[in-house]
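Structure record follows, encoded as structure tokens.
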Amino acid sequence: MPETEKPGKQPGKQPGRQPDKELSYEEARDQLIEVVRTLEQGGTSLAESLALWERGEELAATCQTALDGARERLDAVLDGDDS
């Protein structure tokens, strides 16, 4: 079933969008904030809302991976101080 999307409301098709693995934590967080704002405002079709939700999940996972990595680095430094 083909999806029709409004111009300017294509969450997975923004020009210049970096793949998630290349996004910094801050970039992913900022994009996630925008996705949440758009969803909270409403006014999007079901297909657009689902695409935004999926994008939000991807961005949240990117943020969590960055936070997990930061925690591991911090734990390694703190464990090194105990010796």
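Letters A, B, ... mark the chains of the structure tokens in the order given; residue numbers begin at 1 per chain; ligand numbers begin at 1, in order shown.
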Show which residues sit within 12 Å of Ala28 (chain A), as a ChimeraX atom specification. Count only C-alpha atoms, and ignore same-chain residues fewer than 2 positions away. /A:17-26,30-35,55-67
Mind writing the picked residues with C-alpha atoms as an mmCIF file, in the first residue's frame?
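Saved file result.cif follows:
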```
data_model
loop_
_atom_site.group_PDB
_atom_site.id
_atom_site.type_symbol
_atom_site.label_atom_id
_atom_site.label_comp_id
_atom_site.auth_asym_id
_atom_site.auth_seq_id
_atom_site.Cartn_x
_atom_site.Cartn_y
_atom_site.Cartn_z
ATOM 1 C CA ARG A 17 20.500 13.366 7.423
ATOM 2 C CA GLN A 18 23.418 11.433 8.881
ATOM 3 C CA PRO A 19 23.126 7.707 9.473
ATOM 4 C CA ASP A 20 22.428 7.095 13.169
ATOM 5 C CA LYS A 21 25.855 5.576 13.815
ATOM 6 C CA GLU A 22 27.432 8.882 12.751
ATOM 7 C CA LEU A 23 25.197 11.054 14.913
ATOM 8 C CA SER A 24 26.636 12.390 18.131
ATOM 9 C CA TYR A 25 24.598 11.958 21.285
ATOM 10 C CA GLU A 26 23.634 15.629 21.155
ATOM 11 C CA ASP A 30 18.000 17.091 19.419
ATOM 12 C CA GLN A 31 16.401 15.152 16.567
ATOM 13 C CA LEU A 32 14.503 13.011 19.080
ATOM 14 C CA ILE A 33 13.162 16.143 20.768
ATOM 15 C CA GLU A 34 11.861 17.358 17.405
ATOM 16 C CA VAL A 35 10.218 13.999 16.675
ATOM 17 C CA ARG A 55 12.529 7.285 13.793
ATOM 18 C CA GLY A 56 12.155 8.205 17.454
ATOM 19 C CA GLU A 57 12.898 4.613 18.462
ATOM 20 C CA GLU A 58 16.054 4.632 16.316
ATOM 21 C CA LEU A 59 17.199 7.926 17.814
ATOM 22 C CA ALA A 60 16.450 6.758 21.365
ATOM 23 C CA ALA A 61 18.546 3.640 20.742
ATOM 24 C CA THR A 62 21.397 5.806 19.427
ATOM 25 C CA CYS A 63 21.215 7.958 22.558
ATOM 26 C CA GLN A 64 21.125 4.904 24.833
ATOM 27 C CA THR A 65 24.152 3.386 23.106
ATOM 28 C CA ALA A 66 26.087 6.631 23.621
ATOM 29 C CA LEU A 67 25.070 6.798 27.285
#
```
So the first atom is CA of Asp81 (chain A) and the second is CA of Asp68 (chain A); what is the distance between them in Å, to one decimal place?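 Those two atoms sit 20.0 Å apart.
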Ranking A:Gly80, A:Arg29, A:Ala70, A:Val36 by minimum distance to Ser49 (chain A) and counting only C-alpha atoms, which one comes first?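 Closest candidate: A:Val36.
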To one decimal place, how far is CA of Gly69 (chain A) from CA of Leu50 (chain A) in Å?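 According to the coordinates, CA of Gly69 (chain A) and CA of Leu50 (chain A) are separated by 28.7 Å.
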Kindly give the distance, in Å, that separates CA of Leu52 (chain A) and CA of Thr38 (chain A), rounded to a single decimal.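 Pair CA of Leu52 (chain A) / CA of Thr38 (chain A) returns 8.2 Å.
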